[in-house]
Structures are given as structure tokens and as C-alpha cells.
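File shown: protein25.cif. Contents: mmCIF, C-alpha atoms (C1' of nucleotides).
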data_model
#
loop_
_atom_site.label_atom_id
_atom_site.label_comp_id
_atom_site.auth_asym_id
_atom_site.auth_seq_id
_atom_site.Cartn_x
_atom_site.Cartn_y
_atom_site.Cartn_z
CA MET A 1 -11.26 30.40 -5.96
CA ASN A 2 -14.70 29.34 -7.01
CA ASP A 3 -15.56 27.77 -10.32
CA GLU A 4 -17.33 30.91 -11.42
CA GLN A 5 -14.10 32.86 -11.49
CA VAL A 6 -12.36 30.07 -13.31
CA GLU A 7 -15.10 30.01 -15.92
CA ARG A 8 -14.82 33.76 -16.33
CA VAL A 9 -11.10 33.48 -16.89
CA ARG A 10 -11.61 30.75 -19.46
CA GLU A 11 -14.19 32.87 -21.26
CA LEU A 12 -12.01 35.94 -21.28
CA LEU A 13 -9.08 33.98 -22.55
CA ALA A 14 -11.21 32.40 -25.23
CA ALA A 15 -12.32 35.89 -26.22
CA VAL A 16 -8.78 36.97 -26.98
CA PRO A 17 -8.42 36.94 -30.76
CA PRO A 18 -5.42 35.51 -32.57
CA GLY A 19 -2.70 38.07 -33.05
CA ARG A 20 -3.42 39.53 -29.64
CA VAL A 21 -2.21 38.52 -26.22
CA THR A 22 -3.11 39.46 -22.69
CA THR A 23 -1.28 39.53 -19.40
CA TYR A 24 -1.85 37.57 -16.24
CA GLY A 25 -2.62 40.77 -14.41
CA ASP A 26 -5.15 42.06 -16.90
CA LEU A 27 -6.80 38.69 -17.13
CA ALA A 28 -7.05 38.45 -13.36
CA ALA A 29 -8.42 41.95 -13.05
CA ALA A 30 -10.98 41.38 -15.79
CA ALA A 31 -12.12 38.17 -14.14
CA GLY A 32 -12.44 39.88 -10.80
CA LEU A 33 -9.53 38.06 -9.25
CA ASN A 34 -7.33 39.78 -6.74
CA SER A 35 -4.13 38.12 -7.72
CA PRO A 36 -2.49 37.26 -11.05
CA ARG A 37 -1.06 34.14 -9.47
CA ILE A 38 -4.50 32.58 -9.66
CA ILE A 39 -4.34 32.79 -13.44
CA GLY A 40 -1.16 30.82 -13.47
CA ARG A 41 -2.72 28.30 -11.14
CA ILE A 42 -5.76 27.94 -13.40
CA LEU A 43 -3.61 27.45 -16.48
CA ALA A 44 -1.47 24.91 -14.66
CA GLU A 45 -4.60 23.11 -13.60
CA ASP A 46 -6.20 22.81 -17.02
CA SER A 47 -4.89 24.55 -20.11
CA ALA A 48 -5.97 21.89 -22.58
CA ASP A 49 -8.76 23.93 -24.18
CA LEU A 50 -7.27 27.29 -23.44
CA ALA A 51 -5.15 29.61 -25.54
CA TRP A 52 -2.59 29.68 -22.78
CA HIS A 53 0.07 30.83 -25.20
CA ARG A 54 -1.74 34.17 -25.50
CA VAL A 55 -1.08 34.86 -21.83
CA VAL A 56 2.22 36.55 -21.09
CA HIS A 57 3.82 38.35 -18.17
CA ALA A 58 3.40 42.07 -17.59
CA ASP A 59 6.75 42.53 -19.32
CA GLY A 60 5.53 40.75 -22.41
CA LYS A 61 7.69 37.75 -21.68
CA PRO A 62 6.21 34.26 -22.03
CA ALA A 63 5.92 31.63 -19.32
CA PRO A 64 9.39 30.59 -18.06
CA HIS A 65 9.16 26.86 -18.68
CA LYS A 66 7.30 26.97 -21.97
CA VAL A 67 9.03 29.98 -23.43
CA ASP A 68 10.10 28.07 -26.51
CA GLU A 69 6.76 26.63 -27.51
CA GLN A 70 4.83 29.73 -26.52
CA LEU A 71 7.07 32.01 -28.52
CA GLN A 72 6.71 29.74 -31.49
CA ARG A 73 2.91 29.69 -31.25
CA LEU A 74 2.72 33.45 -30.88
CA ARG A 75 4.96 33.97 -33.87
CA ALA A 76 2.71 31.65 -35.84
CA GLU A 77 -0.22 33.96 -35.09
CA GLY A 78 1.62 36.92 -36.50
CA ILE A 79 2.57 38.45 -33.17
CA GLN A 80 5.70 40.52 -33.25
CA ILE A 81 8.39 38.99 -31.10
CA ARG A 82 11.52 40.94 -30.43
CA ASN A 83 14.24 39.38 -28.37
CA GLU A 84 12.19 36.77 -26.49
CA ARG A 85 9.54 39.36 -25.75
CA VAL A 86 6.12 40.23 -27.15
CA ASP A 87 5.68 43.78 -28.32
CA ILE A 88 4.10 45.74 -25.50
CA ASP A 89 1.63 47.27 -27.97
CA VAL A 90 -0.19 44.01 -28.44
CA THR A 91 0.45 42.83 -24.92
CA ARG A 92 -2.19 45.01 -23.35
CA TRP A 93 -5.40 43.89 -24.88
CA ARG A 94 -8.20 46.17 -23.88
CA TRP A 95 -11.89 45.55 -23.82
CA ASP A 96 -13.29 48.85 -25.03
CA ASP A 97 -16.90 48.16 -25.91
CA ALA A 98 -16.82 44.38 -25.81
CA MET A 99 -17.48 44.58 -22.13
"C1'" DA B 1 -1.36 25.97 12.36
"C1'" DA B 2 2.99 27.33 9.98
"C1'" DA B 3 6.00 27.32 6.21
"C1'" DG B 4 7.22 26.45 1.49
"C1'" DT B 5 6.13 27.04 -3.38
"C1'" DG B 6 4.69 28.94 -7.88
"C1'" DA B 7 2.35 29.66 -15.50
"C1'" DC B 8 2.63 36.92 -11.04
"C1'" DT B 9 3.78 42.18 -10.42
"C1'" DA B 10 6.07 46.35 -9.23
"C1'" DG B 11 9.63 48.83 -7.16
"C1'" DA B 12 14.48 49.40 -5.58
"C1'" DC B 13 19.46 48.77 -6.70
"C1'" DC C 1 20.08 42.62 -18.28
"C1'" DG C 2 20.29 40.79 -13.08
"C1'" DT C 3 18.83 39.95 -7.86
"C1'" DC C 4 15.92 41.08 -3.72
"C1'" DT C 5 11.62 42.62 -1.23
"C1'" DA C 6 7.15 42.75 -0.48
"C1'" DG C 7 2.48 41.95 -1.69
"C1'" DC C 8 -0.48 38.54 -3.47
"C1'" DC C 9 -3.60 33.79 -3.27
"C1'" DA C 10 -4.34 28.78 -3.46
"C1'" DC C 11 -2.31 24.53 -2.57
"C1'" DT C 12 0.75 21.13 -0.41
"C1'" DT C 13 3.63 19.46 3.46
#
So that I can check it, write out the structure of this file as C-alpha cells.
Amino acid sequence: MNDEQVERVRELLAAVPPGRVTTYGDLAAAAGLNSPRIIGRILAEDSADLAWHRVVHADGKPAPHKVDEQLQRLRAEGIQIRNERVDIDVTRWRWDDAM
DNA sequence: AAAGTGACTAGAC
DNA sequence: CGTCTAGCCACTT
């Protein structure tokens, strides 16, 4: 992991608009990382200025230890939560022409 | 160097 | 729903 990748991840995450979420996998792929685990590592390292709550698992489920707060934040942004899980429609946030 | 761990994912059962 | 495997990558013992 070099700082460039980390910066890219932070940018991408910052580019996710409210009401939308992305997955660890998509984020990693978009940042050119080979493993989604790195995303989790980056967030664990420094999530102070990041919209970490907009990052969910591939299933649409929030982070295991912060599930409560994350779910609450997401709901506050108007994201549809059904049974502890984000709607898969908004989970996959695509960059169509923004890339 | 080797093994354990984790904000991950996908497939098998 | 759940557990297990197997990849995955950086970090810590």
C-alpha cells in the first residue's frame, strides 16, 4: 500500500454522494487495489474525514462492529434499509461518465 | 521467517 | 439465515 492508493480511495469515497453507498470491493477495484481488505484497513487507520458509513459489504450489510451507528447514519441520508441491510440497488454505485 | 488476524468476497453446504 | 474454505493483502507477534 502506497499513499497514492490511499488518497485515491479517500477521493473516491468523498465522491460518493449522500443517499448512495458503495462496497469495499467496488471501492478497491476503482482505486486499483487488488484486495477489498485494504479498504477496511484504510478506514480503520483513519476514517475521521471519510464517509465510512457509505461503505458496506458486498451483501449490503454494514460493518460488523459499527452496524448500529452506520445503519442509523445511512437511514438519515434517506437510504432504504430493510432488515439490517442496504438495498442492493443503491449498494452498487457506478461511475458511468464521472470517470 | 512463519503464523495469526481483520471495517472483505464468493462459493459450497 | 448459518458455518467453512479458499483467496486476498497489510500488519503484528
Output of the PyMOL selection byres ((chain A) within 8 of (chain B)), listed as JSON, numbers by chain: {"A": [24, 25, 35, 36, 37, 39, 40, 41, 43, 44, 57, 58, 63, 64]}
May I ask you to extract the residues of chain C within 8 Å of chain A, using only C-alpha atoms (C1' of nucleotides), and to give them as a list in words?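 Every residue meeting the condition is included here: DC8, DC9 and DA10 of chain C.
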Quick one: distance from atom CA of Val9 of chain A to atom CA of Arg82 of chain A in Å, one decimal?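 So the two atoms, atom CA of Val9 of chain A and atom CA of Arg82 of chain A, lie 27.4 Å apart.
The two atoms in question, atom CA of Leu71 of chain A and atom CA of Ala29 of chain A, are spaced 24.0 Å apart.
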Centre and size of axis-aligned box enclosing segment 6-9 of chain B plus 3 Å each side, as lines of an AutoDock Vina configuration file:
center_x = 3.5
center_y = 35.6
center_z = -11.7
size_x = 8.3
size_y = 19.2
size_z = 13.6
Interatomic distance between atom CA of Leu74 of chain A and atom CA of Ile42 of chain A? 20.2 Å
When you look at Val90 of chain A with a cut-off of 12 Å (counting only C-alpha atoms (C1' of nucleotides)), what residues show up, excluding the ones that are within fewer than 6 positions of it in the same chain? I need them as number ranges by chain. A: 16-23, 54-56, 58-60, 74, 78-81
